[in-house]
$ cat query34.cif   # mmCIF, C-alpha atoms
data_run
#
loop_
_atom_site.label_atom_id
_atom_site.label_comp_id
_atom_site.auth_asym_id
_atom_site.auth_seq_id
_atom_site.Cartn_x
_atom_site.Cartn_y
_atom_site.Cartn_z
CA MET A 540 -29.56 242.20 167.78
CA LEU A 541 -26.17 243.51 166.69
CA LYS A 542 -26.45 247.11 165.55
CA LEU A 543 -23.70 248.56 163.40
CA GLY A 544 -23.58 252.34 163.29
CA ARG A 545 -22.64 254.66 160.46
CA LEU A 546 -19.10 255.01 161.74
CA PHE A 547 -18.57 251.26 161.37
CA TRP A 548 -19.67 251.33 157.72
CA LYS A 549 -17.55 254.40 157.01
CA PHE A 550 -14.46 252.70 158.44
CA PHE A 551 -15.35 249.51 156.57
CA PHE A 552 -15.88 251.25 153.22
CA PHE A 553 -12.72 253.34 153.27
CA ILE A 554 -10.49 250.50 154.53
CA TRP A 555 -11.91 248.10 151.96
CA LEU A 556 -11.59 250.70 149.18
CA ALA A 557 -7.94 251.22 150.07
CA GLN A 558 -7.29 247.47 150.00
CA LEU A 559 -9.13 247.03 146.70
CA THR A 560 -7.09 249.83 145.17
CA ALA A 561 -3.87 248.17 146.33
CA ILE A 562 -5.00 244.75 145.03
CA ALA A 563 -6.05 246.21 141.67
CA GLY A 564 -2.75 248.04 141.29
CA ILE A 565 -0.69 244.95 142.07
CA SER A 566 -2.86 242.75 139.81
CA ILE A 567 -2.56 245.14 136.85
CA THR A 568 1.21 245.31 137.36
CA PHE A 569 1.56 241.52 137.27
CA TRP A 570 -0.81 241.25 134.27
CA ILE A 571 1.20 243.76 132.28
CA LYS A 572 4.39 241.96 133.20
CA HIS A 573 2.91 238.58 132.27
CA SER A 574 1.64 239.94 128.92
CA ASN A 575 5.04 241.35 128.03
CA GLU A 576 6.68 238.04 128.84
CA GLU A 577 4.20 236.16 126.63
CA LEU A 578 4.79 238.55 123.74
CA ALA A 579 8.55 238.21 124.09
CA ARG A 580 8.26 234.40 124.22
CA SER A 581 6.06 234.30 121.09
CA ALA A 582 8.40 236.57 119.20
CA ALA A 583 11.41 234.41 120.11
CA THR A 584 9.60 231.22 119.01
CA SER A 585 8.64 232.76 115.66
CA MET A 586 12.19 233.86 114.99
CA ASN A 587 13.60 230.40 115.76
CA ALA A 588 11.06 228.72 113.49
CA SER A 589 11.81 231.09 110.62
CA LYS A 590 15.52 230.48 111.00
CA LEU A 591 15.13 226.73 110.90
CA VAL A 592 12.91 226.89 107.81
CA GLU A 593 15.43 229.05 106.04
CA GLU A 594 18.22 226.63 106.84
CA GLY A 595 16.21 223.72 105.43
CA ARG A 596 15.40 225.60 102.24
CA TYR A 597 18.85 226.77 101.31
CA GLY A 598 20.96 223.94 102.62
CA PRO A 599 22.86 223.19 105.68
CA GLY A 600 25.27 225.50 107.15
CA PRO A 601 28.91 224.66 107.54
CA GLY A 602 29.38 221.33 109.30
CA ARG A 603 25.65 220.48 109.21
CA VAL A 604 24.96 216.73 109.32
CA PHE A 605 21.52 215.48 108.23
CA HIS A 606 19.84 212.69 110.17
CA HIS A 607 17.57 210.06 108.70
CA GLY A 608 14.67 211.68 106.91
CA GLU A 609 16.30 215.06 106.81
CA GLY A 610 17.88 216.67 103.89
CA PRO A 611 18.17 219.83 101.94
CA GLY A 612 14.85 221.51 101.49
CA LYS A 613 13.25 219.82 104.45
CA PRO A 614 12.76 221.32 107.84
CA PRO A 615 14.90 219.63 110.45
CA GLY A 616 13.61 217.55 113.31
CA ASP A 617 10.02 218.05 114.34
CA PHE A 618 9.41 220.62 111.64
CA ALA A 619 9.71 217.83 109.07
CA SER A 620 7.31 215.61 110.99
CA PRO A 621 4.04 215.01 109.14
CA ALA A 622 2.17 215.22 112.49
CA MET A 623 3.23 218.79 113.10
CA GLY A 624 -0.06 220.25 111.94
CA LYS A 625 -2.05 217.84 114.13
CA ARG A 626 -0.56 218.92 117.49
CA LYS A 627 -2.77 221.00 119.82
CA PRO A 628 -1.30 223.80 121.91
CA PRO A 629 -1.39 223.19 125.68
CA PRO A 630 -4.42 224.67 127.47
CA ASP A 631 -3.87 228.15 128.84
CA ASN A 632 -4.84 228.26 132.56
CA GLY A 633 -3.29 231.65 133.20
CA GLY A 634 -6.66 233.35 133.66
CA MET A 635 -7.74 230.83 136.30
CA ARG A 636 -4.40 231.07 138.08
CA THR A 637 -4.85 234.83 138.25
CA LEU A 638 -8.52 234.72 139.31
CA ILE A 639 -8.00 232.40 142.30
CA PRO A 640 -5.47 234.56 144.20
CA MET A 641 -7.44 237.71 143.41
CA THR A 642 -10.60 236.13 144.83
CA CYS A 643 -8.74 235.02 147.96
CA ALA A 644 -7.26 238.48 148.36
CA LEU A 645 -10.71 240.04 147.94
CA LEU A 646 -12.21 237.83 150.65
CA ALA A 647 -9.28 238.46 152.95
CA SER A 648 -9.62 242.22 152.45
CA LEU A 649 -13.33 242.01 153.27
CA LEU A 650 -12.58 240.19 156.52
CA PHE A 651 -9.73 242.49 157.47
CA ALA A 652 -11.78 245.62 156.72
CA ALA A 653 -14.68 244.35 158.84
CA LEU A 654 -12.39 243.52 161.78
CA MET A 655 -10.60 246.85 161.55
CA ALA A 656 -13.84 248.81 161.36
CA TRP A 657 -15.24 246.87 164.33
CA TYR A 658 -12.07 247.46 166.36
CA MET A 659 -12.16 251.21 165.70
CA SER A 660 -15.89 251.82 166.12
CA LYS A 661 -16.51 249.64 169.19
CA PRO A 662 -15.00 252.02 171.82
CA ILE A 663 -16.67 255.01 170.18
CA ARG A 664 -20.00 253.23 170.35
CA ARG A 665 -19.38 252.44 174.03
CA LEU A 666 -18.50 256.08 174.64
CA SER A 667 -21.72 257.22 172.98
CA GLU A 668 -23.76 254.83 175.14
CA ALA A 669 -21.99 256.10 178.27
CA PHE A 670 -22.74 259.72 177.36
CA GLN A 671 -26.39 258.86 176.85
CA ALA A 672 -26.50 257.06 180.20
CA LEU A 673 -24.84 259.99 181.97
CA ALA A 674 -27.24 262.45 180.35
CA GLY A 675 -30.10 260.24 181.52
CA GLY A 676 -29.06 260.61 185.15
CA LYS A 677 -27.02 257.42 185.56
CA LEU A 678 -24.05 259.00 187.31
CA HIS A 679 -22.35 255.64 187.83
CA ALA A 680 -21.78 255.20 184.07
CA ARG A 681 -18.10 254.39 183.38
CA ILE A 682 -16.35 252.90 180.35
CA GLY A 683 -12.74 252.43 181.49
CA ASP A 684 -13.17 248.71 182.22
CA SER A 685 -14.90 248.04 178.90
CA MET A 686 -11.83 249.23 176.95
CA GLY A 687 -9.95 246.04 177.83
CA GLN A 688 -6.20 246.07 177.20
CA ARG A 689 -6.24 248.73 174.49
CA LYS A 690 -3.51 251.37 174.65
CA ASP A 691 -4.40 254.13 172.22
CA GLU A 692 -6.06 257.54 172.01
CA LEU A 693 -9.54 256.03 172.29
CA THR A 694 -8.55 254.49 175.64
CA GLU A 695 -7.33 257.89 176.83
CA LEU A 696 -10.64 259.37 175.71
CA GLY A 697 -12.45 256.75 177.80
CA ARG A 698 -10.35 257.60 180.86
CA ASP A 699 -11.07 261.30 180.33
CA PHE A 700 -14.78 260.49 180.27
CA ASP A 701 -14.48 258.58 183.56
CA ARG A 702 -12.66 261.51 185.18
CA MET A 703 -15.29 263.92 183.89
CA ALA A 704 -18.06 261.68 185.24
CA GLU A 705 -16.32 261.48 188.64
CA GLN A 706 -16.03 265.26 188.86
CA LEU A 707 -19.62 265.75 187.74
CA THR A 708 -20.83 263.23 190.28
CA GLY A 709 -18.83 264.92 193.03
CA ALA A 710 -20.16 268.35 192.05
CA LEU A 711 -23.77 267.17 192.10
CA GLN A 712 -23.28 265.44 195.44
CA ASN A 713 -21.68 268.58 196.88
CA GLN A 714 -24.58 270.64 195.58
CA ARG A 715 -27.12 268.36 197.20
CA ARG A 716 -25.20 268.30 200.46
CA LEU A 717 -24.84 272.08 200.40
CA LEU A 718 -28.58 272.51 199.87
CA HIS A 719 -29.29 270.15 202.75
CA ASP A 720 -26.79 271.88 205.05
CA VAL A 721 -28.08 275.36 204.19
CA SER A 722 -31.64 274.27 204.92
CA HIS A 723 -30.52 272.76 208.21
CA GLU A 724 -28.53 275.81 209.27
CA LEU A 725 -31.29 278.27 208.37
CA ARG A 726 -33.91 276.26 210.19
CA SER A 727 -32.45 276.95 213.65
CA PRO A 728 -32.33 280.80 213.52
CA LEU A 729 -35.69 280.87 211.78
CA ALA A 730 -37.20 278.71 214.50
CA ARG A 731 -35.76 280.98 217.20
CA LEU A 732 -36.97 284.03 215.32
CA GLN A 733 -40.50 282.63 215.09
CA ALA A 734 -40.42 281.72 218.79
CA ALA A 735 -39.32 285.24 219.74
CA ILE A 736 -42.14 286.74 217.64
CA GLY A 737 -44.67 284.46 219.31
CA LEU A 738 -43.43 285.33 222.79
CA ALA A 739 -43.46 289.04 221.99
CA ARG A 740 -47.11 288.79 221.03
CA GLN A 741 -47.98 286.84 224.18
CA GLN A 742 -45.97 289.11 226.48
CA PRO A 743 -46.11 292.66 225.15
CA ASP A 744 -44.39 293.97 228.25
CA LYS A 745 -41.24 292.06 227.25
CA ALA A 746 -41.39 292.99 223.57
CA GLU A 747 -38.18 295.04 223.74
CA GLU A 748 -36.22 292.06 225.07
CA TYR A 749 -37.58 289.82 222.35
CA MET A 750 -36.80 292.46 219.71
CA VAL A 751 -33.15 292.29 220.73
CA ARG A 752 -33.30 288.52 220.34
CA MET A 753 -34.90 288.81 216.89
CA ASP A 754 -32.30 291.32 215.80
CA ARG A 755 -29.51 288.98 216.86
CA GLU A 756 -31.05 286.08 214.91
CA ALA A 757 -31.49 288.30 211.85
CA VAL A 758 -27.82 289.24 212.00
CA ARG A 759 -26.86 285.57 212.24
CA MET A 760 -28.95 284.72 209.20
CA ASP A 761 -27.50 287.63 207.25
CA LYS A 762 -23.99 286.46 208.10
CA LEU A 763 -24.82 282.91 207.04
CA VAL A 764 -26.32 284.02 203.73
CA GLY A 765 -23.30 286.24 203.05
CA GLU A 766 -20.89 283.36 203.67
CA ILE A 767 -22.93 281.07 201.44
CA LEU A 768 -22.88 283.61 198.62
CA THR A 769 -19.13 284.07 199.00
CA LEU A 770 -18.56 280.33 198.95
CA SER A 771 -20.82 279.97 195.91
CA ARG A 772 -18.90 282.61 193.95
CA LEU A 773 -15.57 281.02 194.81
CA GLU A 774 -16.74 277.54 193.83
CA ALA A 775 -18.07 278.96 190.56
CA GLY A 776 -14.52 280.05 189.72
CA ALA A 777 -14.61 283.73 190.65
CA GLN A 778 -11.30 285.41 189.89
CA ALA A 779 -9.19 286.64 192.78
CA GLY A 780 -8.17 289.79 190.93
CA GLN A 781 -4.75 291.16 190.09
CA ASP A 782 -4.37 293.92 192.67
CA LEU A 783 -0.97 294.37 194.27
CA ILE A 784 -1.35 293.50 197.97
CA TYR A 785 1.31 294.82 200.32
CA MET A 786 1.58 292.14 202.98
CA ASP A 787 2.90 294.47 205.70
CA GLU A 788 -0.34 296.49 205.52
CA LEU A 789 -2.46 293.33 205.54
CA PHE A 790 -0.54 291.81 208.48
CA ALA A 791 -0.75 295.08 210.44
CA GLU A 792 -4.55 295.12 210.20
CA LEU A 793 -4.85 291.41 210.98
CA THR A 794 -2.51 291.74 213.97
CA ASP A 795 -4.45 294.67 215.43
CA ASN A 796 -7.80 292.84 215.19
CA ALA A 797 -6.38 289.54 216.49
CA GLN A 798 -4.73 291.18 219.50
CA PHE A 799 -8.01 292.91 220.41
CA GLU A 800 -10.03 289.66 220.19
CA ALA A 801 -7.40 287.61 222.03
CA SER A 802 -7.15 290.11 224.91
CA ASN A 803 -10.93 290.12 225.37
CA ALA A 804 -10.87 286.31 225.51
CA GLY A 805 -8.05 286.19 228.07
CA LYS A 806 -5.54 284.86 225.56
CA VAL A 807 -2.31 286.10 223.99
CA PHE A 808 -1.55 286.84 220.34
CA LYS A 809 2.05 286.90 219.13
CA VAL A 810 3.74 287.56 215.81
CA ALA A 811 6.99 286.00 214.63
CA PHE A 812 8.21 287.43 211.33
CA SER A 813 10.70 289.95 210.04
CA ALA A 814 8.99 293.29 209.54
CA ASP A 815 11.67 294.32 207.03
CA GLU A 816 11.18 291.17 204.97
CA ILE A 817 7.38 291.40 204.98
CA SER A 818 7.48 295.10 204.06
CA LYS A 819 9.12 294.12 200.77
CA THR A 820 6.67 291.30 200.03
CA CYS A 821 3.66 291.68 197.75
CA VAL A 822 1.03 289.23 196.50
CA ARG A 823 -1.30 289.68 193.54
CA GLY A 824 -4.99 289.10 194.15
CA SER A 825 -7.92 290.52 196.10
CA TYR A 826 -7.15 292.34 199.34
CA GLU A 827 -10.64 291.77 200.78
CA LEU A 828 -10.73 288.05 199.97
CA LEU A 829 -7.23 287.42 201.31
CA HIS A 830 -7.95 289.46 204.45
CA ARG A 831 -11.11 287.43 205.07
CA ALA A 832 -9.33 284.12 204.52
CA LEU A 833 -6.51 284.87 206.96
CA GLU A 834 -8.91 286.39 209.47
CA ASN A 835 -11.00 283.20 209.47
CA VAL A 836 -7.92 281.18 210.39
CA LEU A 837 -6.84 283.59 213.13
CA ARG A 838 -10.31 283.72 214.69
CA ASN A 839 -10.57 279.93 214.68
CA ALA A 840 -7.19 279.69 216.40
CA ILE A 841 -8.15 282.27 219.05
CA ARG A 842 -11.48 280.59 219.63
CA HIS A 843 -10.07 277.08 220.08
CA THR A 844 -6.78 277.70 221.84
CA ALA A 845 -6.75 276.89 225.55
CA PRO A 846 -7.24 279.69 228.09
CA ASP A 847 -4.09 281.61 229.07
CA THR A 848 -2.25 280.28 226.01
CA ALA A 849 -0.95 282.02 222.91
CA VAL A 850 -1.76 282.10 219.22
CA SER A 851 1.23 282.77 217.00
CA LEU A 852 1.36 284.23 213.47
CA GLN A 853 4.57 283.33 211.63
CA ALA A 854 5.65 284.28 208.12
CA HIS A 855 8.74 284.11 205.93
CA VAL A 856 9.65 284.15 202.25
CA LYS A 857 11.35 281.15 200.69
CA GLN A 858 12.04 280.44 197.01
CA GLY A 859 9.56 283.00 195.75
CA GLN A 860 6.76 281.87 198.04
CA LEU A 861 5.28 283.40 201.17
CA HIS A 862 4.88 280.80 203.93
CA ILE A 863 2.31 281.73 206.59
CA GLN A 864 1.70 279.66 209.72
CA VAL A 865 -0.95 280.13 212.40
CA LEU A 866 -0.24 278.09 215.55
CA ASP A 867 -2.55 277.56 218.51
CA GLU A 868 -2.40 275.51 221.70
CA GLY A 869 -5.85 273.99 221.65
CA SER A 870 -7.04 270.39 221.49
CA GLY A 871 -6.20 270.01 217.81
CA VAL A 872 -8.21 267.99 215.29
CA PRO A 873 -8.45 264.18 214.98
CA GLU A 874 -6.09 262.96 212.25
CA ALA A 875 -8.97 261.50 210.24
CA GLU A 876 -10.63 264.93 210.06
CA LEU A 877 -7.67 267.05 208.95
CA GLN A 878 -8.88 267.07 205.35
CA SER A 879 -12.58 267.21 206.15
CA ILE A 880 -12.38 270.50 208.03
CA PHE A 881 -12.15 272.32 204.67
CA GLN A 882 -15.52 271.00 203.53
CA PRO A 883 -18.52 273.35 203.73
CA PHE A 884 -20.60 273.04 206.91
CA TYR A 885 -18.20 270.51 208.40
CA ARG A 886 -17.45 270.94 212.10
CA SER A 887 -15.06 268.77 214.01
CA VAL A 888 -16.45 266.67 216.81
CA LEU A 889 -14.22 268.53 219.27
CA ALA A 890 -15.34 271.92 217.94
CA GLU A 891 -19.11 271.36 217.91
CA HIS A 892 -19.43 272.28 221.60
CA THR A 893 -16.94 275.17 221.61
CA GLY A 894 -17.94 277.31 218.66
CA ASP A 895 -21.01 278.98 217.21
CA GLY A 896 -19.91 279.05 213.56
CA TYR A 897 -21.48 277.33 210.60
CA GLY A 898 -18.49 275.42 209.34
CA LEU A 899 -17.96 277.71 206.34
CA GLY A 900 -14.92 279.72 207.46
CA LEU A 901 -12.20 277.23 206.53
CA ALA A 902 -14.05 276.21 203.36
CA ILE A 903 -14.00 279.84 202.22
CA THR A 904 -10.36 280.20 203.28
CA GLN A 905 -9.27 277.19 201.24
CA ARG A 906 -11.02 278.39 198.11
CA VAL A 907 -9.60 281.91 198.49
CA ILE A 908 -6.07 280.54 198.85
CA LEU A 909 -6.56 278.29 195.82
CA ALA A 910 -7.90 281.25 193.82
CA HIS A 911 -4.58 283.00 194.61
CA ALA A 912 -2.66 279.98 193.24
CA GLY A 913 -1.65 278.93 196.74
CA SER A 914 -2.21 276.00 199.08
CA ILE A 915 -3.36 275.41 202.65
CA THR A 916 -2.80 272.41 204.93
CA ALA A 917 -3.63 271.55 208.52
CA SER A 918 -1.52 269.45 210.91
CA ASN A 919 -1.55 268.69 214.62
CA ARG A 920 1.19 270.00 216.89
CA GLN A 921 2.91 268.22 219.72
CA PRO A 922 2.04 268.06 222.54
CA ALA A 923 -1.19 269.92 221.66
CA GLY A 924 -2.54 272.42 219.20
CA LEU A 925 -3.11 272.91 215.48
CA CYS A 926 -0.89 274.35 212.77
CA MET A 927 -2.48 275.94 209.68
CA GLN A 928 0.08 276.53 206.95
CA MET A 929 -0.65 278.64 203.87
CA ILE A 930 1.68 279.16 200.92
CA LEU A 931 1.20 282.00 198.42
CA PRO A 932 3.27 282.99 195.38
CA VAL A 933 4.77 286.44 195.76
CA ALA A 934 4.74 289.13 193.10
CA PHE A 935 8.10 290.38 194.33
CA ALA A 936 10.00 290.29 197.63
#

$ encode --input "query34.cif" --output "C-alpha cells"
Amino acid sequence: MLKLGRLFWKFFFFIWLAQLTAIAGISITFWIKHSNEELARSAATSMNASKLVEEGRYGPGPGRVFHHGEGPGKPPGDFASPAMGKRKPPPDNGGMRTLIPMTCALLASLLFAALMAWYMSKPIRRLSEAFQALAGGKLHARIGDSMGQRKDELTELGRDFDRMAEQLTGALQNQRRLLHDVSHELRSPLARLQAAIGLARQQPDKAEEYMVRMDREAVRMDKLVGEILTLSRLEAGAQAGQDLIYMDELFAELTDNAQFEASNAGKVFKVAFSADEISKTCVRGSYELLHRALENVLRNAIRHTAPDTAVSLQAHVKQGQLHIQVLDEGSGVPEAELQSIFQPFYRSVLAEHTGDGYGLGLAITQRVILAHAGSITASNRQPAGLCMQMILPVAFA
C-alpha cells in the first residue's frame, strides 16, 4: 500500500496553494478587463443609437438622402423596422468560456502539485528508511543507487549518507577485529603465565626460575595493554598538543638509543642530515608521542635489517615540511602488504618469524604522524630493504 508522509502533503498543499493564487490573480485580471470592455461597448452602442434617433427626429443632416420607408421623424434603417422590438439578444456564453479554462487549469495544477510533491518527498522518504535500517543494524543499507539520475542537493545528501554508512561500517569492523586481536594476543602470555604458576607449585625448588618467567610475561602484558590504550586514544581523536618540539634534541635522543641497540645487535646505525639545518627546525605537537612514533620505526628497521648492515636516518627541510626517511637493508615487505602494515595487529608474513612484537608499533606511528598533520608511507628499496618516509609540517626552520 502506498504511504504518503506528512512532507508529501505539505509540499502538495503549498505548491497547489501557490498555483491557485496565481490562477485566481490571472482570472480576476481577465474578468476585470472583460467587464471594462463590455461596459465600453455598451456605452458606445447607446451613444450611436441616441445619435441616430436625434437625426431622425430633427431631420437629415446636410446631404442626407432618405431611402424607401425613411423620412423625417423616422429612425433610419433597422431602427425604423417594426420588428426591432421582437429581436432577442444573442446568448451570452462568456461565463462558460471562462469556467472551462479555469477548470482545466485547476486540474492541471492539482496534477503538477502532486508530481512535484512526490518528486521532492521521495528521496527524503528513502533517506528516512535507510536511517531506520542503519539504526536497526543493517550496515549494508545504501541509497545512492535509488536516487536515479537526479543531480541536486538531495542526491548529495544521499551520497553523504552512503559515505557515513561506509565509515561507520569500517569503524565497527575495526572494533570487532581489534577485540578479537586483543583477545588473541592476551591469550598467549596468560597461558604461559598460568603454566609457570602450575610448574612452580609442582616444583617448589624451581620456583625462583618460574618467578622470573612470570615477571617477564607480566611485563609483556603490561606493554601490550599500554600500546592498546595509546592506540585507542589516538583513534578516538586525541590531540597531539601544541608544544614546540626542537627536532635537534629529539634526533639526538633517538640517535643515541638507536646506536646503542644497533651495536648490541651487531648492526650499524648512521645519520645523514645537516645538524645546522635540523637545529633550526621545530614542529608543534607532543614530544612524547612523536618520540615514540619515530622510535617504533627505528627499532623495526634495526630488528629487520640484515646482519652486518646499516640503518640510516635521513632528514631535510623542503617547502616548509620536514622530510624524514628511515632506510634499512632487510628483506623488505611484499608490495601487496605495504598499506596493511599500518593496521593494528598486522604482521607481515616475512616478519612473523623474526620479531616478537604485537603488530601495534606502526599502527601507533601512523596515527601519531596523522595527529601532527603529517603523513607516512612505506616503499621497498632496490636491491633490498625498506624505506619509511614521514613528512611533518614545521613551525619554523

$ atom_distance --input "query34.cif" --atom1 "atom CA of Glu868 of chain A" --atom2 "atom CA of Val850 of chain A"
7.1 Å

$ closest_residue --input "query34.cif" --among "A:Met927, A:Ile908, A:Ile880, A:Ile663" --to "Val865 of chain A" --atoms "all atoms listed in the file"
A:Met927

$ resolve_selection --input "query34.cif" --expression "the PyMOL selection byres ((chain A and resi 874-876) around 10)" --output "PyMOL selection string"
chain A and resi 871-873+877-881+885-888+917-919

$ residues_around --input "query34.cif" --residues "segment 711-719 of chain A" --least-positions-apart "5" --cutoff "9 Å" --atoms "all atoms listed in the file" --output "MDAnalysis selection string"
chainID A and resid 706 724 883:884

$ closest_residue --input "query34.cif" --among "A:Met786, A:Ala704, A:Met750, A:Leu738" --to "Leu678 of chain A" --atoms "all atoms listed in the file"
A:Ala704
